[in-house]
Amino acid sequence: MLVLPSELTHKQASACLRMLVQGLPSQTGAAVVVDAASLQRFDSSALSVLLEFRRASLKRDKGFEIRNLSSRLVDLARLYGVAELLLPAT
């Protein structure tokens with residue numbers, strides 16, 4: 001499981017995406033799991049990072065799952081119309 005930092009804004013976006021992509025080879029399961037429990041401070045850049053990392057995971061024929069998304073980030077994903085790409089189907 002890969003873990004998001006406590007802060008993910010425009011300032012940290014590139015470094016965070018690099019860190020996630022570097023961690024991809026260590027993910028041996030059928031799906032890459034990202035834990036967002038630590039994420040407290042974020043802006044829309046967090047969605048960009050997650051979407052780009054989802055693309056990178058799918059390119060490696062891996063599923064993609066985010067756990068422990070805050071309700072604020074879920075709301076932001078819905079506002080931007082990308083919730084269906086990041087959230088499990090209900």
# chains A, B, ... in the order shown; residues from 1 in each chain; ligands from 1
$ select_by_dssp --residues "chain A" --states "helix (DSSP H, G or I)" --output "PyMOL selection string"
chain A and resi 10-26+44-59+71-79+83-86
$ write_last_selection --atoms "N, CA and C atoms" --output "short mmCIF file (atom, residue, chain, number, x, y, z; two decimals), in the first residue's frame"
data_model
loop_
_atom_site.label_atom_id
_atom_site.label_comp_id
_atom_site.auth_asym_id
_atom_site.auth_seq_id
_atom_site.Cartn_x
_atom_site.Cartn_y
_atom_site.Cartn_z
N HIS A 10 -0.50 22.20 -4.79
CA HIS A 10 0.27 22.42 -6.01
C HIS A 10 1.77 22.34 -5.73
N LYS A 11 2.17 22.85 -4.60
CA LYS A 11 3.60 22.88 -4.23
C LYS A 11 4.20 21.48 -4.12
N GLN A 12 3.45 20.51 -3.61
CA GLN A 12 3.96 19.16 -3.41
C GLN A 12 3.57 18.18 -4.52
N ALA A 13 2.75 18.59 -5.46
CA ALA A 13 2.16 17.67 -6.43
C ALA A 13 3.19 16.88 -7.23
N SER A 14 4.17 17.54 -7.81
CA SER A 14 5.15 16.83 -8.65
C SER A 14 5.95 15.81 -7.85
N ALA A 15 6.40 16.22 -6.67
CA ALA A 15 7.19 15.31 -5.83
C ALA A 15 6.34 14.12 -5.38
N CYS A 16 5.09 14.36 -5.04
CA CYS A 16 4.21 13.29 -4.60
C CYS A 16 3.95 12.30 -5.73
N LEU A 17 3.67 12.81 -6.91
CA LEU A 17 3.44 11.92 -8.05
C LEU A 17 4.68 11.09 -8.34
N ARG A 18 5.85 11.71 -8.30
CA ARG A 18 7.09 10.97 -8.51
C ARG A 18 7.24 9.85 -7.47
N MET A 19 6.96 10.17 -6.21
CA MET A 19 7.07 9.18 -5.14
C MET A 19 6.11 8.01 -5.38
N LEU A 20 4.88 8.31 -5.78
CA LEU A 20 3.91 7.25 -6.03
C LEU A 20 4.34 6.37 -7.20
N VAL A 21 4.77 7.00 -8.28
CA VAL A 21 5.18 6.24 -9.47
C VAL A 21 6.41 5.37 -9.15
N GLN A 22 7.33 5.89 -8.35
CA GLN A 22 8.50 5.10 -7.96
C GLN A 22 8.09 3.90 -7.12
N GLY A 23 6.99 4.02 -6.39
CA GLY A 23 6.52 2.91 -5.58
C GLY A 23 5.73 1.87 -6.33
N LEU A 24 5.36 2.15 -7.57
CA LEU A 24 4.56 1.21 -8.36
C LEU A 24 5.18 -0.18 -8.49
N PRO A 25 6.46 -0.30 -8.80
CA PRO A 25 7.03 -1.65 -8.96
C PRO A 25 6.95 -2.51 -7.70
N SER A 26 6.86 -1.89 -6.53
CA SER A 26 6.79 -2.66 -5.29
C SER A 26 5.39 -3.21 -5.01
N SER A 44 -7.02 21.15 -5.39
CA SER A 44 -7.39 20.34 -6.56
C SER A 44 -6.20 19.61 -7.17
N SER A 45 -4.99 20.03 -6.83
CA SER A 45 -3.80 19.31 -7.32
C SER A 45 -3.79 17.87 -6.83
N ALA A 46 -4.38 17.61 -5.67
CA ALA A 46 -4.45 16.24 -5.16
C ALA A 46 -5.23 15.35 -6.14
N LEU A 47 -6.29 15.89 -6.70
CA LEU A 47 -7.06 15.12 -7.69
C LEU A 47 -6.22 14.86 -8.93
N SER A 48 -5.47 15.86 -9.36
CA SER A 48 -4.61 15.68 -10.54
C SER A 48 -3.58 14.59 -10.31
N VAL A 49 -2.97 14.59 -9.13
CA VAL A 49 -1.98 13.57 -8.79
C VAL A 49 -2.63 12.19 -8.80
N LEU A 50 -3.78 12.07 -8.16
CA LEU A 50 -4.45 10.77 -8.09
C LEU A 50 -4.87 10.27 -9.47
N LEU A 51 -5.37 11.17 -10.30
CA LEU A 51 -5.78 10.77 -11.65
C LEU A 51 -4.58 10.34 -12.50
N GLU A 52 -3.49 11.08 -12.40
CA GLU A 52 -2.29 10.72 -13.17
C GLU A 52 -1.70 9.40 -12.66
N PHE A 53 -1.73 9.20 -11.35
CA PHE A 53 -1.23 7.96 -10.81
C PHE A 53 -2.14 6.79 -11.19
N ARG A 54 -3.42 7.03 -11.26
CA ARG A 54 -4.36 6.00 -11.72
C ARG A 54 -4.00 5.58 -13.14
N ARG A 55 -3.72 6.57 -14.01
CA ARG A 55 -3.32 6.26 -15.39
C ARG A 55 -2.05 5.40 -15.41
N ALA A 56 -1.07 5.79 -14.59
CA ALA A 56 0.19 5.04 -14.54
C ALA A 56 -0.05 3.61 -14.07
N SER A 57 -0.93 3.44 -13.11
CA SER A 57 -1.25 2.10 -12.60
C SER A 57 -1.92 1.26 -13.68
N LEU A 58 -2.89 1.84 -14.35
CA LEU A 58 -3.62 1.11 -15.40
C LEU A 58 -2.71 0.75 -16.56
N LYS A 59 -1.72 1.60 -16.86
CA LYS A 59 -0.76 1.28 -17.92
C LYS A 59 0.05 0.03 -17.59
N SER A 71 -14.17 13.07 3.38
CA SER A 71 -15.41 13.52 2.73
C SER A 71 -15.16 14.80 1.94
N ARG A 72 -14.24 15.63 2.38
CA ARG A 72 -13.92 16.86 1.64
C ARG A 72 -13.31 16.56 0.28
N LEU A 73 -12.43 15.55 0.23
CA LEU A 73 -11.83 15.20 -1.05
C LEU A 73 -12.84 14.51 -1.96
N VAL A 74 -13.71 13.71 -1.38
CA VAL A 74 -14.80 13.10 -2.16
C VAL A 74 -15.68 14.19 -2.76
N ASP A 75 -16.03 15.18 -1.96
CA ASP A 75 -16.84 16.29 -2.45
C ASP A 75 -16.14 17.04 -3.58
N LEU A 76 -14.84 17.26 -3.43
CA LEU A 76 -14.08 17.95 -4.48
C LEU A 76 -14.06 17.13 -5.76
N ALA A 77 -13.89 15.81 -5.63
CA ALA A 77 -13.90 14.93 -6.81
C ALA A 77 -15.26 14.98 -7.51
N ARG A 78 -16.32 15.03 -6.73
CA ARG A 78 -17.67 15.13 -7.33
C ARG A 78 -17.85 16.48 -8.02
N LEU A 79 -17.37 17.54 -7.39
CA LEU A 79 -17.48 18.88 -7.97
C LEU A 79 -16.78 18.95 -9.32
N ALA A 83 -15.29 11.84 -9.73
CA ALA A 83 -15.52 10.89 -8.64
C ALA A 83 -15.60 9.45 -9.15
N GLU A 84 -16.23 9.24 -10.30
CA GLU A 84 -16.38 7.87 -10.81
C GLU A 84 -15.03 7.25 -11.19
N LEU A 85 -14.01 8.08 -11.42
CA LEU A 85 -12.69 7.55 -11.73
C LEU A 85 -11.89 7.20 -10.48
N LEU A 86 -12.24 7.81 -9.36
CA LEU A 86 -11.46 7.64 -8.14
C LEU A 86 -12.16 6.83 -7.06
#
$ select_by_dssp --residues "chain A" --states "strand (DSSP E or B)" --output "list in words"
Leu2, Val3, Glu7, Leu8, Ala31, Val32, Val33, Val34, Asp35, Arg41, Phe42, Gly63, Phe64, Glu65, Ile66 and Arg67 of chain A
$ atom_distance --atom1 "CA of Gln40 (chain A)" --atom2 "CA of Asn68 (chain A)"
11.3 Å
$ atom_distance --atom1 "CA of Ala37 (chain A)" --atom2 "CA of Leu2 (chain A)"
11.0 Å
$ residues_around --residues "Ser6 (chain A)" --least-positions-apart "3" --cutoff "9 Å" --atoms "only C-alpha atoms" --output "short mmCIF file (atom, residue, chain, number, x, y, z; two decimals) with all heavy atoms, in the first residue's frame"
data_model
loop_
_atom_site.label_atom_id
_atom_site.label_comp_id
_atom_site.auth_asym_id
_atom_site.auth_seq_id
_atom_site.Cartn_x
_atom_site.Cartn_y
_atom_site.Cartn_z
N ALA A 36 -5.20 7.31 1.80
CA ALA A 36 -5.31 8.76 1.93
C ALA A 36 -5.64 9.21 3.35
O ALA A 36 -5.99 10.36 3.58
CB ALA A 36 -6.38 9.28 0.97
N ALA A 37 -5.50 8.31 4.33
CA ALA A 37 -5.87 8.63 5.71
C ALA A 37 -5.08 9.82 6.27
O ALA A 37 -5.62 10.61 7.04
CB ALA A 37 -5.68 7.42 6.61
N SER A 38 -3.83 9.97 5.90
CA SER A 38 -3.00 11.06 6.42
C SER A 38 -3.29 12.40 5.77
O SER A 38 -2.91 13.44 6.31
CB SER A 38 -1.52 10.73 6.22
OG SER A 38 -1.18 9.56 6.91
N LEU A 39 -3.91 12.39 4.61
CA LEU A 39 -4.11 13.62 3.84
C LEU A 39 -5.08 14.56 4.56
O LEU A 39 -6.26 14.27 4.70
CB LEU A 39 -4.64 13.27 2.45
CG LEU A 39 -4.71 14.40 1.44
CD1 LEU A 39 -3.33 15.01 1.20
CD2 LEU A 39 -5.28 13.89 0.13
N GLN A 40 -4.55 15.68 5.01
CA GLN A 40 -5.35 16.67 5.74
C GLN A 40 -5.49 17.99 4.99
O GLN A 40 -6.54 18.60 5.00
CB GLN A 40 -4.71 16.95 7.11
CG GLN A 40 -4.61 15.74 8.00
CD GLN A 40 -5.97 15.17 8.34
OE1 GLN A 40 -6.87 15.91 8.70
NE2 GLN A 40 -6.12 13.87 8.22
N ARG A 41 -4.43 18.41 4.35
CA ARG A 41 -4.44 19.70 3.65
C ARG A 41 -4.18 19.43 2.17
O ARG A 41 -3.17 18.83 1.81
CB ARG A 41 -3.34 20.60 4.22
CG ARG A 41 -3.38 21.98 3.68
CD ARG A 41 -2.54 22.94 4.52
NE ARG A 41 -2.64 24.25 3.92
CZ ARG A 41 -1.62 24.90 3.38
NH1 ARG A 41 -0.41 24.38 3.42
NH2 ARG A 41 -1.80 26.07 2.83
N PHE A 42 -5.11 19.89 1.33
CA PHE A 42 -4.99 19.60 -0.10
C PHE A 42 -5.76 20.64 -0.90
O PHE A 42 -6.58 21.38 -0.36
CB PHE A 42 -5.51 18.19 -0.42
CG PHE A 42 -6.93 17.95 0.01
CD1 PHE A 42 -7.99 18.28 -0.81
CD2 PHE A 42 -7.20 17.40 1.26
CE1 PHE A 42 -9.29 18.08 -0.40
CE2 PHE A 42 -8.49 17.18 1.68
CZ PHE A 42 -9.55 17.53 0.84
#
$ atom_distance --atom1 "CA of Asp61 (chain A)" --atom2 "CA of Pro5 (chain A)"
25.0 Å
